[in-house]
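Note: the block below is model.cif and it holds mmCIF, C-alpha atoms.
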data_coords
#
loop_
_atom_site.label_atom_id
_atom_site.label_comp_id
_atom_site.auth_asym_id
_atom_site.auth_seq_id
_atom_site.Cartn_x
_atom_site.Cartn_y
_atom_site.Cartn_z
CA MET A 17 3.13 -11.13 -12.80
CA THR A 18 -0.58 -11.74 -13.45
CA ALA A 19 -0.70 -13.95 -10.35
CA ALA A 20 0.80 -11.13 -8.29
CA LEU A 21 -1.62 -8.63 -9.83
CA ALA A 22 -4.63 -10.82 -9.09
CA ALA A 23 -3.39 -11.46 -5.55
CA LEU A 24 -2.97 -7.73 -4.94
CA LEU A 25 -6.41 -6.89 -6.30
CA ARG A 26 -7.98 -9.57 -4.10
CA ARG A 27 -6.15 -8.29 -1.04
CA GLU A 28 -7.07 -4.68 -1.77
CA LEU A 29 -10.72 -5.56 -2.29
CA ALA A 30 -10.80 -7.40 1.03
CA LEU A 31 -9.14 -4.46 2.78
CA ALA A 32 -11.31 -1.84 1.06
CA TRP A 33 -14.41 -3.81 1.99
CA GLY A 34 -13.46 -3.54 5.64
CA ARG A 35 -11.84 -0.12 5.59
CA GLY A 36 -13.50 2.48 7.78
CA GLY A 37 -16.55 0.27 8.16
CA GLY A 38 -16.64 -0.42 4.43
CA PRO A 39 -19.28 0.47 1.86
CA LEU A 40 -22.15 0.12 4.30
CA PHE A 41 -20.92 3.05 6.39
CA ALA A 42 -20.22 5.14 3.31
CA CYS A 43 -23.76 4.48 2.03
CA ALA A 44 -25.26 5.17 5.45
CA PHE A 45 -23.37 8.47 5.55
CA TYR A 46 -24.60 9.30 2.06
CA VAL A 47 -28.22 8.58 2.93
CA GLY A 48 -27.87 10.45 6.20
CA LEU A 49 -26.49 13.52 4.46
CA ALA A 50 -29.34 13.40 1.96
CA THR A 51 -31.86 13.11 4.79
CA LEU A 52 -30.56 16.27 6.45
CA LEU A 53 -31.27 18.28 3.34
CA PRO A 54 -35.10 18.24 3.51
CA LEU A 55 -34.82 18.98 7.21
CA ALA A 56 -32.75 22.07 6.51
CA GLU A 57 -34.60 23.14 3.39
CA GLY A 58 -38.14 22.56 4.64
CA PRO A 59 -40.48 19.87 3.35
CA THR A 60 -41.76 21.72 0.27
CA PRO A 61 -41.43 19.07 -2.46
CA GLN A 62 -41.12 21.56 -5.33
CA LYS A 63 -38.22 23.35 -3.70
CA LEU A 64 -36.43 20.08 -2.99
CA ALA A 65 -37.05 18.62 -6.41
CA ALA A 66 -35.43 21.64 -8.01
CA ILE A 67 -32.09 20.95 -6.30
CA ALA A 68 -32.39 17.18 -5.91
CA THR A 69 -29.92 16.03 -8.57
CA GLY A 70 -27.28 18.61 -7.71
CA ALA A 71 -27.55 18.01 -4.00
CA ALA A 72 -27.35 14.24 -4.47
CA PHE A 73 -24.17 14.62 -6.49
CA ALA A 74 -22.54 16.94 -3.96
CA ALA A 75 -23.42 14.48 -1.19
CA LEU A 76 -21.87 11.70 -3.28
CA ALA A 77 -18.62 13.67 -3.52
CA LEU A 78 -18.49 14.09 0.26
CA SER A 79 -19.30 10.45 0.92
CA SER A 80 -16.49 9.39 -1.41
CA LEU A 81 -14.02 11.14 0.89
CA LEU A 82 -14.85 9.03 3.92
CA SER A 83 -12.53 6.07 3.72
CA LEU A 84 -9.80 7.67 1.62
CA GLU A 85 -7.70 8.44 4.68
CA ARG A 86 -7.01 4.75 5.19
CA LEU A 87 -6.18 4.04 1.55
CA PHE A 88 -2.39 4.19 2.00
CA GLU A 89 -2.08 5.03 5.67
CA ARG A 90 -2.40 1.54 7.09
CA ASP A 91 0.07 0.07 4.61
CA TYR A 92 2.42 2.93 5.38
CA ASP A 93 2.18 2.48 9.14
CA ASP A 94 2.60 -1.28 9.25
CA GLY A 95 5.40 -1.54 6.69
CA ALA A 96 3.34 -3.19 3.96
CA LEU A 97 4.07 -0.27 1.63
CA ASP A 98 7.81 -1.05 1.94
CA LEU A 99 7.21 -4.60 0.80
CA LEU A 100 4.84 -3.53 -1.98
CA THR A 101 7.79 -1.67 -3.55
CA LEU A 102 9.73 -4.96 -3.69
CA GLY A 103 7.22 -6.82 -5.86
CA PRO A 104 7.00 -7.44 -9.58
CA LEU A 105 4.83 -4.39 -10.33
CA PRO A 106 5.95 -0.76 -10.14
CA LEU A 107 4.47 1.39 -7.39
CA GLU A 108 2.40 3.22 -10.02
CA ALA A 109 0.54 -0.01 -10.77
CA VAL A 110 0.17 -0.77 -7.07
CA THR A 111 -1.46 2.60 -6.37
CA ALA A 112 -3.72 2.23 -9.40
CA ILE A 113 -4.90 -1.18 -8.20
CA LYS A 114 -5.48 0.14 -4.69
CA CYS A 115 -7.68 2.92 -6.12
CA LEU A 116 -9.48 0.53 -8.44
CA ALA A 117 -10.31 -1.71 -5.49
CA GLN A 118 -11.43 1.31 -3.46
CA TRP A 119 -13.75 2.30 -6.30
CA LEU A 120 -15.16 -1.21 -6.69
CA ALA A 121 -15.73 -1.65 -2.96
CA ASN A 122 -16.87 1.89 -2.13
CA GLY A 123 -17.56 3.92 -5.26
CA VAL A 124 -19.79 1.36 -6.94
CA PRO A 125 -22.06 0.77 -3.89
CA LEU A 126 -22.36 4.55 -3.49
CA ALA A 127 -23.24 4.90 -7.17
CA LEU A 128 -25.91 2.24 -6.77
CA ALA A 129 -27.38 4.25 -3.91
CA ALA A 130 -27.23 7.51 -5.89
CA PRO A 131 -30.39 7.10 -8.01
CA ILE A 132 -32.35 6.10 -4.91
CA VAL A 133 -31.12 9.12 -3.02
CA SER A 134 -31.85 11.58 -5.79
CA ILE A 135 -35.31 10.12 -6.42
CA ALA A 136 -36.02 10.23 -2.69
CA LEU A 137 -35.11 13.92 -2.77
CA GLY A 138 -37.65 14.47 -5.52
CA ALA A 139 -35.85 13.90 -8.81
CA GLU A 140 -37.91 12.28 -11.54
CA PRO A 141 -37.64 8.48 -11.49
CA ARG A 142 -36.83 8.36 -15.23
CA LEU A 143 -33.44 9.92 -14.40
CA TRP A 144 -32.24 6.81 -12.57
CA LEU A 145 -30.08 5.47 -15.39
CA ILE A 146 -28.25 8.68 -16.23
CA SER A 147 -27.82 9.32 -12.51
CA LEU A 148 -26.30 5.87 -12.05
CA VAL A 149 -23.94 6.26 -14.99
CA ALA A 150 -22.84 9.75 -13.90
CA SER A 151 -22.28 8.53 -10.35
CA LEU A 152 -20.21 5.55 -11.50
CA GLY A 153 -18.07 7.76 -13.73
CA GLY A 154 -17.81 10.55 -11.18
CA GLY A 155 -16.96 8.07 -8.44
CA LEU A 156 -14.01 6.79 -10.45
CA GLY A 157 -12.65 10.32 -10.68
CA PHE A 158 -13.34 11.02 -6.98
CA THR A 159 -11.40 7.89 -6.01
CA PHE A 160 -8.31 8.46 -8.15
CA VAL A 161 -8.08 12.19 -7.46
CA GLY A 162 -8.78 11.48 -3.80
CA GLY A 163 -5.98 8.93 -3.87
CA ILE A 164 -3.51 11.72 -4.69
CA GLY A 165 -4.63 13.50 -1.54
CA ALA A 166 -4.38 10.30 0.49
CA ALA A 167 -0.82 9.70 -0.71
CA LEU A 168 0.23 13.34 -0.20
CA VAL A 169 -0.82 13.45 3.44
CA LEU A 170 1.01 10.23 4.40
CA GLY A 171 2.86 10.80 7.62
CA ALA A 172 0.94 13.97 8.46
CA ARG A 173 -1.19 14.20 11.56
CA ARG A 174 -4.93 14.75 11.07
CA GLY A 175 -4.51 13.44 7.56
CA GLY A 176 -8.24 12.97 7.03
CA LEU A 177 -9.03 16.67 7.29
CA LEU A 178 -6.03 17.52 5.18
CA ILE A 179 -7.18 15.17 2.41
CA ALA A 180 -10.54 16.92 2.30
CA VAL A 181 -8.89 20.34 2.03
CA VAL A 182 -6.47 19.17 -0.67
CA VAL A 183 -8.98 17.23 -2.68
CA LEU A 184 -12.32 19.05 -2.53
CA PRO A 185 -11.29 21.77 -5.01
CA LEU A 186 -10.29 19.02 -7.43
CA PHE A 187 -13.75 17.51 -7.04
CA ALA A 188 -15.31 20.60 -8.65
CA PRO A 189 -15.13 19.47 -12.30
CA PRO A 190 -16.76 16.05 -11.79
CA VAL A 191 -19.48 17.63 -9.66
CA ILE A 192 -20.17 20.29 -12.30
CA PHE A 193 -20.23 17.86 -15.22
CA GLY A 194 -21.87 15.00 -13.38
CA ALA A 195 -24.75 16.96 -11.91
CA GLY A 196 -24.87 18.98 -15.14
CA ALA A 197 -25.36 15.87 -17.27
CA VAL A 198 -28.23 14.64 -15.10
CA GLU A 199 -29.90 18.08 -15.04
CA ALA A 200 -29.58 18.47 -18.78
CA PHE A 201 -31.03 15.04 -19.40
CA GLY A 202 -33.95 15.86 -17.10
CA ALA A 203 -34.60 19.15 -18.89
CA GLY A 204 -34.45 17.50 -22.31
CA LEU A 205 -31.31 19.38 -23.27
CA GLU A 206 -28.08 18.10 -24.81
CA TRP A 207 -26.55 15.99 -22.04
CA LYS A 208 -23.90 14.00 -23.86
CA PRO A 209 -21.11 16.61 -23.80
CA ALA A 210 -21.30 16.98 -20.02
CA LEU A 211 -21.22 13.22 -19.55
CA ALA A 212 -18.32 12.94 -21.99
CA PHE A 213 -16.42 15.61 -20.05
CA LEU A 214 -17.11 13.76 -16.80
CA LEU A 215 -15.82 10.46 -18.17
CA ALA A 216 -12.82 12.18 -19.75
CA TYR A 217 -11.94 13.74 -16.38
CA SER A 218 -12.27 10.42 -14.59
CA LEU A 219 -10.29 8.44 -17.13
CA ALA A 220 -7.57 11.08 -17.21
CA ALA A 221 -7.45 10.90 -13.41
CA ALA A 222 -7.23 7.10 -13.53
CA GLY A 223 -4.38 7.37 -16.01
CA LEU A 224 -2.38 10.17 -14.44
CA ALA A 225 -3.07 10.01 -10.71
CA PRO A 226 -1.05 6.79 -10.18
CA ILE A 227 2.12 8.63 -11.22
CA ALA A 228 1.48 11.31 -8.62
CA MET A 229 0.44 8.78 -5.96
CA ALA A 230 3.55 6.66 -6.48
CA ALA A 231 5.79 9.72 -6.27
CA ALA A 232 4.08 10.85 -3.07
CA CYS A 233 4.39 7.36 -1.56
CA ARG A 234 8.09 7.12 -2.40
CA ASN A 235 8.61 10.50 -0.84
CA ALA A 236 6.79 9.47 2.33
CA LEU A 237 8.80 6.25 2.61
CA SER A 238 12.21 7.88 2.29
CA MET B 2 19.49 -13.02 -9.83
CA ILE B 3 21.61 -11.10 -7.33
CA GLY B 4 25.05 -12.60 -6.82
CA GLY B 5 26.74 -9.69 -5.13
CA LEU B 6 26.15 -6.40 -3.37
CA ASP B 7 28.49 -3.41 -3.39
CA VAL B 8 27.97 -0.36 -1.23
CA GLU B 9 30.36 2.52 -1.88
CA GLY B 10 30.86 5.78 -0.04
CA LEU B 11 27.35 5.76 1.38
CA THR B 12 26.28 8.83 3.33
CA LEU B 13 22.89 8.81 4.97
CA ALA B 14 21.02 11.50 6.86
CA ARG B 15 17.68 11.61 8.63
CA GLY B 16 16.39 15.15 8.49
CA GLU B 17 19.25 17.45 9.48
CA ARG B 18 21.20 14.74 11.29
CA GLN B 19 23.89 12.86 9.45
CA LEU B 20 23.99 9.17 10.42
CA PHE B 21 27.29 8.18 8.84
CA GLU B 22 29.36 9.07 5.86
CA GLY B 23 31.51 7.26 3.33
CA PHE B 24 30.31 3.83 4.43
CA GLY B 25 31.25 0.95 2.17
CA PHE B 26 31.32 -2.82 2.07
CA SER B 27 30.61 -5.64 -0.30
CA LEU B 28 28.87 -8.93 0.09
CA GLY B 29 29.23 -11.98 -2.12
CA ARG B 30 27.47 -15.31 -2.50
CA GLY B 31 27.30 -17.30 0.70
CA GLU B 32 28.38 -14.37 2.88
CA ALA B 33 26.70 -12.82 5.86
CA ALA B 34 27.39 -9.49 7.54
CA ALA B 35 26.16 -8.31 10.92
CA LEU B 36 25.51 -4.59 11.23
CA THR B 37 26.20 -3.46 14.74
CA GLY B 38 26.11 -0.07 16.37
CA ALA B 39 24.32 1.93 19.03
CA ASN B 40 20.59 2.63 18.90
CA GLY B 41 19.97 5.29 16.29
CA ALA B 42 23.35 4.75 14.61
CA GLY B 43 21.61 4.11 11.30
CA LYS B 44 21.44 0.32 10.96
CA THR B 45 17.81 0.33 9.89
CA SER B 46 18.40 3.29 7.58
CA LEU B 47 21.28 1.45 5.93
CA LEU B 48 19.03 -1.56 5.29
CA ARG B 49 16.35 0.72 3.86
CA ALA B 50 18.91 2.41 1.62
CA VAL B 51 20.01 -0.98 0.25
CA ALA B 52 16.33 -1.81 -0.32
CA GLY B 53 15.96 1.42 -2.27
CA LEU B 54 13.50 3.02 0.14
CA LEU B 55 15.86 5.71 1.41
CA ARG B 56 17.69 8.02 -0.94
CA PRO B 57 21.34 8.39 0.14
CA GLU B 58 22.94 11.83 0.37
CA ALA B 59 25.97 10.43 -1.41
CA GLY B 60 27.40 7.12 -2.52
CA ARG B 61 25.80 4.21 -4.29
CA VAL B 62 24.36 0.76 -3.87
CA GLN B 63 25.13 -1.66 -6.68
CA PHE B 64 24.01 -5.19 -7.40
CA GLN B 65 25.75 -7.81 -9.52
CA ASP B 66 24.44 -11.04 -10.92
CA VAL B 67 26.13 -14.37 -10.27
CA ALA B 68 28.58 -13.73 -13.13
CA GLY B 69 29.63 -10.41 -11.55
CA VAL B 70 27.90 -8.22 -14.13
CA GLU B 71 26.13 -5.17 -12.73
CA ILE B 72 22.31 -5.38 -12.81
CA GLU B 73 19.86 -2.54 -12.67
CA ALA B 74 19.08 -1.74 -9.06
CA ASP B 75 15.28 -1.54 -9.39
CA LEU B 76 15.14 -4.89 -11.12
CA ALA B 77 17.48 -6.48 -8.59
CA ARG B 78 15.33 -5.22 -5.73
CA ALA B 79 12.05 -6.30 -7.31
CA GLN B 80 13.27 -9.85 -7.80
CA GLY B 81 16.14 -10.47 -5.49
CA LEU B 82 15.80 -9.10 -1.99
CA HIS B 83 13.77 -9.54 1.16
CA LEU B 84 13.37 -6.81 3.73
CA LEU B 85 12.28 -7.80 7.21
CA GLY B 86 11.95 -5.06 9.77
CA HIS B 87 10.10 -4.01 12.90
CA HIS B 88 7.16 -3.11 10.73
CA ASP B 89 6.43 -6.48 9.27
CA GLY B 90 3.67 -5.44 6.84
CA LEU B 91 1.16 -7.87 8.34
CA LYS B 92 -2.43 -6.66 8.63
CA SER B 93 -3.76 -7.33 12.09
CA THR B 94 -7.34 -7.84 10.89
CA ARG B 95 -6.52 -10.53 8.33
CA THR B 96 -5.70 -14.14 9.07
CA ALA B 97 -2.13 -15.36 9.10
CA GLY B 98 -2.90 -17.66 6.17
CA GLU B 99 -4.36 -14.87 4.02
CA GLU B 100 -1.37 -12.66 4.69
CA LEU B 101 1.22 -15.37 4.07
CA ARG B 102 -0.45 -16.48 0.84
CA PHE B 103 -0.66 -12.91 -0.43
CA TRP B 104 2.95 -12.01 0.33
CA THR B 105 4.16 -15.30 -1.14
CA ARG B 106 2.43 -14.50 -4.45
CA TRP B 107 3.55 -10.90 -4.37
CA LEU B 108 7.19 -11.73 -3.72
CA GLY B 109 7.28 -14.46 -6.32
CA GLY B 110 6.89 -17.70 -4.37
CA ASP B 111 4.80 -20.70 -5.39
CA ALA B 112 2.70 -23.38 -3.70
CA PRO B 113 5.51 -25.87 -2.92
CA SER B 114 7.75 -23.17 -1.39
CA LEU B 115 4.76 -21.88 0.60
CA ALA B 116 4.08 -25.37 1.95
CA LYS B 117 7.73 -25.71 2.87
CA ALA B 118 7.69 -22.40 4.73
CA ILE B 119 4.58 -23.37 6.69
CA ASP B 120 6.18 -26.66 7.60
CA VAL B 121 9.63 -25.34 8.54
CA LEU B 122 8.34 -22.47 10.67
CA GLN B 123 5.60 -24.59 12.26
CA LEU B 124 2.76 -22.33 11.22
CA ASP B 125 0.00 -24.78 10.30
CA LEU B 126 -1.91 -24.24 13.54
CA LEU B 127 -1.64 -20.46 13.28
CA LEU B 128 -2.87 -19.96 9.73
CA ALA B 129 -6.55 -19.65 10.63
CA LEU B 130 -5.89 -17.05 13.33
CA GLU B 131 -6.13 -13.31 12.83
CA VAL B 132 -2.70 -11.72 12.93
CA ARG B 133 -3.68 -9.61 15.95
CA LYS B 134 -4.18 -12.78 18.00
CA LEU B 135 -0.59 -13.93 17.45
CA SER B 136 2.12 -13.41 20.04
CA ALA B 137 5.16 -11.33 19.08
CA GLY B 138 7.20 -14.48 18.47
CA GLN B 139 4.48 -16.15 16.40
CA ARG B 140 4.07 -12.99 14.38
CA ARG B 141 7.79 -12.86 13.71
CA ARG B 142 7.74 -16.48 12.57
CA LEU B 143 4.96 -15.58 10.15
CA ALA B 144 7.08 -12.72 8.81
CA LEU B 145 10.14 -14.98 8.56
CA ALA B 146 8.08 -17.52 6.62
CA ARG B 147 8.16 -15.11 3.66
CA LEU B 148 11.91 -15.66 3.37
CA ILE B 149 11.33 -19.35 2.73
CA ALA B 150 8.02 -19.07 0.86
CA ALA B 151 9.48 -16.71 -1.76
CA PRO B 152 13.13 -17.68 -2.28
CA ARG B 153 15.24 -14.58 -2.93
CA PRO B 154 19.03 -14.38 -2.65
CA LEU B 155 19.57 -11.29 -0.50
CA TRP B 156 18.03 -11.11 2.97
CA LEU B 157 17.98 -7.74 4.71
CA LEU B 158 17.03 -8.45 8.30
CA ASP B 159 16.43 -5.95 11.08
CA GLU B 160 16.75 -7.57 14.51
CA PRO B 161 15.31 -10.81 13.17
CA MET B 162 15.82 -12.88 16.32
CA ALA B 163 14.58 -10.47 18.99
CA PRO B 164 11.09 -11.88 19.70
CA LEU B 165 11.95 -15.55 19.08
CA ASP B 166 12.32 -18.15 21.83
CA LEU B 167 15.59 -20.10 22.18
CA GLU B 168 14.40 -23.11 20.23
CA ARG B 169 13.20 -20.94 17.33
CA ARG B 170 16.43 -18.95 17.40
CA ALA B 171 18.32 -22.17 16.77
CA LEU B 172 15.84 -23.08 14.05
CA PHE B 173 16.23 -19.71 12.36
CA GLY B 174 20.02 -19.99 12.70
CA ALA B 175 19.83 -23.24 10.76
CA LEU B 176 17.63 -21.58 8.12
CA MET B 177 20.13 -18.76 7.71
CA GLN B 178 22.99 -21.25 7.42
CA GLY B 179 21.04 -23.17 4.78
CA HIS B 180 20.44 -19.94 2.88
CA LEU B 181 24.15 -19.13 2.86
CA ASP B 182 25.08 -22.67 1.84
CA GLY B 183 22.75 -22.28 -1.14
CA GLY B 184 24.62 -19.16 -2.28
CA GLY B 185 22.41 -16.62 -0.54
CA MET B 186 23.50 -13.44 1.21
CA ILE B 187 22.44 -11.99 4.54
CA LEU B 188 22.79 -8.47 5.85
CA ALA B 189 21.40 -8.27 9.36
CA ALA B 190 21.17 -5.47 11.91
CA VAL B 191 21.71 -7.07 15.31
CA HIS B 192 22.60 -6.40 18.91
CA ASP B 193 23.33 -10.02 19.87
CA ALA B 194 25.72 -12.08 17.81
CA LEU B 195 24.24 -13.97 14.87
CA PRO B 196 24.30 -17.77 15.24
CA ILE B 197 26.12 -18.03 11.90
CA PRO B 198 29.60 -16.98 10.84
CA ALA B 199 29.24 -13.32 9.87
CA ARG B 200 31.50 -10.37 9.23
CA ASP B 201 31.06 -7.51 11.70
CA LEU B 202 30.22 -4.12 10.19
CA LYS B 203 30.14 -1.26 12.63
CA VAL B 204 27.67 1.44 11.70
CA GLY B 205 27.81 5.01 12.92
CA LEU B 206 29.94 8.15 12.89
CA ALA B 207 33.50 7.35 13.98
#

Structure translated into structure tokens:
Amino acid sequence: MTAALAALLRRELALAWGRGGGPLFACAFYVGLATLLPLAEGPTPQKLAAIATGAAFAALALSSLLSLERLFERDYDDGALDLLTLGPLPLEAVTAIKCLAQWLANGVPLALAAPIVSIALGAEPRLWLISLVASLGGGLGFTFVGGIGAALVLGARRGGLLIAVVVLPLFAPPVIFGAGAVEAFGAGLEWKPALAFLLAYSLAAAGLAPIAMAAACRNALS
Amino acid sequence: MIGGLDVEGLTLARGERQLFEGFGFSLGRGEAAALTGANGAGKTSLLRAVAGLLRPEAGRVQFQDVAGVEIEADLARAQGLHLLGHHDGLKSTRTAGEELRFWTRWLGGDAPSLAKAIDVLQLDLLLALEVRKLSAGQRRRLALARLIAAPRPLWLLDEPMAPLDLERRALFGALMQGHLDGGGMILAAVHDALPIPARDLKVGLA
């Protein structure tokens, strides 16, 4: 069973690395989005700095959406999802591993880019660590909650847009707590509760979303 | 391990359309059955129902172990059956070797059985190629290799021979015969006759 689990994780990492152009495209999109902001807002550094952390976190949420469409779709189209139900692990574990690989291959590179983006927008450099931690934790939640959307739209046309519509409202809590934790830290306020809420949301998503994803996949297959 | 399959009173529908109703048969060790019927009669759906992917409207699919004792369906499926269909689950961007090694691990095969599969299906020269570069017949051989690489007693095959050349059809016929001789079971949806002795099961509304 461990051999099968390791084999699946390796396969999923390889696929996630190449999915939709992989992490490089997601990061390029993220940086591009962040570059548009000063162009829209005007180059006044004070104005930008005031919204830098929040804007960086919202851009992170959008960038996390990019490759979600392909998370289950390719396996569904080519029959691999059928065969994944015939293995030693339940479909719940399969979906959890797929999301974990998606986070490792996409969420982590995005989180590494997050401090750079927010500092480039004018956030104080001393916020880099809290920004990294919040982005890692938030990214985990984005991926697992996004996975529910990806599984729900299986078989639908224009699934990518549908995922965004289904999932963006669910992204509100991690955006609020994630950006909130960074802001609070920057202002010298109590930041731990917001970060704890963020991590609680993400861990709850990682624990519960696989049940929903597996049910949605089974439904799509039948 | 699966030693018998019982299908009783199975009724399947796709959307509003009923495919067949009250379909039943059983399959024991060393037996093969050929599902025949017109296009769209429900052969593929029947295979998917046995594999647990399609929920039947009525009826049940039951598995027994070699002693004839009923085993839990999910467990039987996770350890005891192969499903090979038009959608072969192979990723076109990965190499044949990567895909075969992954599916072997996933379906419970080991290194010696993998080596045997590569040898029997003459895949050694194809392993380094991306799946998209394979011809339809080569791709099917790669999919068939899973049957040998991860030994499981019940084979559910959907048009397994279609893309194969004559020589490989004979080869696969011999593999199927070997599987039956070893106590395996085969349920295959076909249009042409199988090259092995098999019971004929007609699928579709009477």

Mind listing as number ranges by chain which residues of chain A are within 7 Å of chain B, counting all atoms listed in the file? A: 19-20, 23, 91, 94-96, 102-104, 237-238

In Å and to one decimal, atom CA of B:Ala144 is distant from atom CA of A:Asp98 by 13.6 Å

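Picture a line from atom CA of A:Ala72 to atom CA of A:Ser151; it runs 9.6 Å.
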
* To do: Write out as a list in words the residues lying within 12 Å of A:Val183, counting all atoms listed in the file and excluding same-chain residues fewer than 4 positions away.
  => Ala77, Leu78, Ser80, Leu81, Leu84, Glu85, Gly157, Phe158, Thr159, Phe160, Val161, Gly162, Gly163, Ile164, Gly165, Ala166, Ala167, Leu168, Val169, Gly175, Gly176, Leu177, Leu178, Ile179, Phe187, Ala188 and Pro189 of chain A

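In this model, the gap between atom CA of B:Leu155 and atom CA of B:Ile187 comes to 5.8 Å.
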
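Of the listed residues B:Ala97, B:Leu172, B:Ala151, B:Ala199, the one whose atoms come nearest to B:Lys134 is B:Ala97, with distances taken using all atoms listed in the file.
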
Nearest to B:Glu32, restricted to only C-alpha atoms and choosing among B:Gln178, B:Gln63, B:Ser136, B:Thr96, comes out as B:Gln178

Would you mind putting back N, CA and C atoms on stretch 86-104 of chain A, then writing it out as a tab-separated table (two decimals), in the coordinates of the input?
chain	number	residue	atom	x	y	z
A	86	ARG	N	-7.64	6.03	4.89
A	86	ARG	CA	-7.01	4.75	5.19
A	86	ARG	C	-6.41	4.08	3.96
A	87	LEU	N	-6.56	4.71	2.80
A	87	LEU	CA	-6.18	4.04	1.55
A	87	LEU	C	-4.70	3.62	1.56
A	88	PHE	N	-3.81	4.53	1.93
A	88	PHE	CA	-2.39	4.19	2.00
A	88	PHE	C	-1.88	4.16	3.43
A	89	GLU	N	-2.61	4.81	4.33
A	89	GLU	CA	-2.08	5.03	5.67
A	89	GLU	C	-1.75	3.75	6.40
A	90	ARG	N	-2.65	2.77	6.33
A	90	ARG	CA	-2.40	1.54	7.09
A	90	ARG	C	-1.19	0.79	6.53
A	91	ASP	N	-1.08	0.74	5.22
A	91	ASP	CA	0.07	0.07	4.61
A	91	ASP	C	1.37	0.82	4.92
A	92	TYR	N	1.25	2.12	5.05
A	92	TYR	CA	2.42	2.93	5.38
A	92	TYR	C	2.85	2.68	6.82
A	93	ASP	N	1.87	2.65	7.72
A	93	ASP	CA	2.18	2.48	9.14
A	93	ASP	C	2.74	1.10	9.46
A	94	ASP	N	2.19	0.06	8.84
A	94	ASP	CA	2.60	-1.28	9.25
A	94	ASP	C	3.72	-1.86	8.38
A	95	GLY	N	4.26	-1.06	7.46
A	95	GLY	CA	5.40	-1.54	6.69
A	95	GLY	C	5.04	-2.27	5.41
A	96	ALA	N	3.74	-2.47	5.17
A	96	ALA	CA	3.34	-3.19	3.96
A	96	ALA	C	3.74	-2.42	2.70
A	97	LEU	N	3.72	-1.08	2.80
A	97	LEU	CA	4.07	-0.27	1.63
A	97	LEU	C	5.54	-0.50	1.23
A	98	ASP	N	6.40	-0.71	2.24
A	98	ASP	CA	7.81	-1.05	1.94
A	98	ASP	C	7.87	-2.29	1.07
A	99	LEU	N	7.13	-3.32	1.50
A	99	LEU	CA	7.21	-4.60	0.80
A	99	LEU	C	6.52	-4.52	-0.56
A	100	LEU	N	5.51	-3.66	-0.68
A	100	LEU	CA	4.84	-3.53	-1.98
A	100	LEU	C	5.78	-2.94	-3.03
A	101	THR	N	6.82	-2.20	-2.57
A	101	THR	CA	7.79	-1.67	-3.55
A	101	THR	C	8.74	-2.76	-4.03
A	102	LEU	N	8.77	-3.91	-3.34
A	102	LEU	CA	9.73	-4.96	-3.69
A	102	LEU	C	9.10	-6.06	-4.55
A	103	GLY	N	7.90	-5.81	-5.06
A	103	GLY	CA	7.22	-6.82	-5.86
A	103	GLY	C	7.47	-6.64	-7.34
A	104	PRO	N	6.76	-7.44	-8.13
A	104	PRO	CA	7.00	-7.44	-9.58
A	104	PRO	C	6.40	-6.23	-10.30
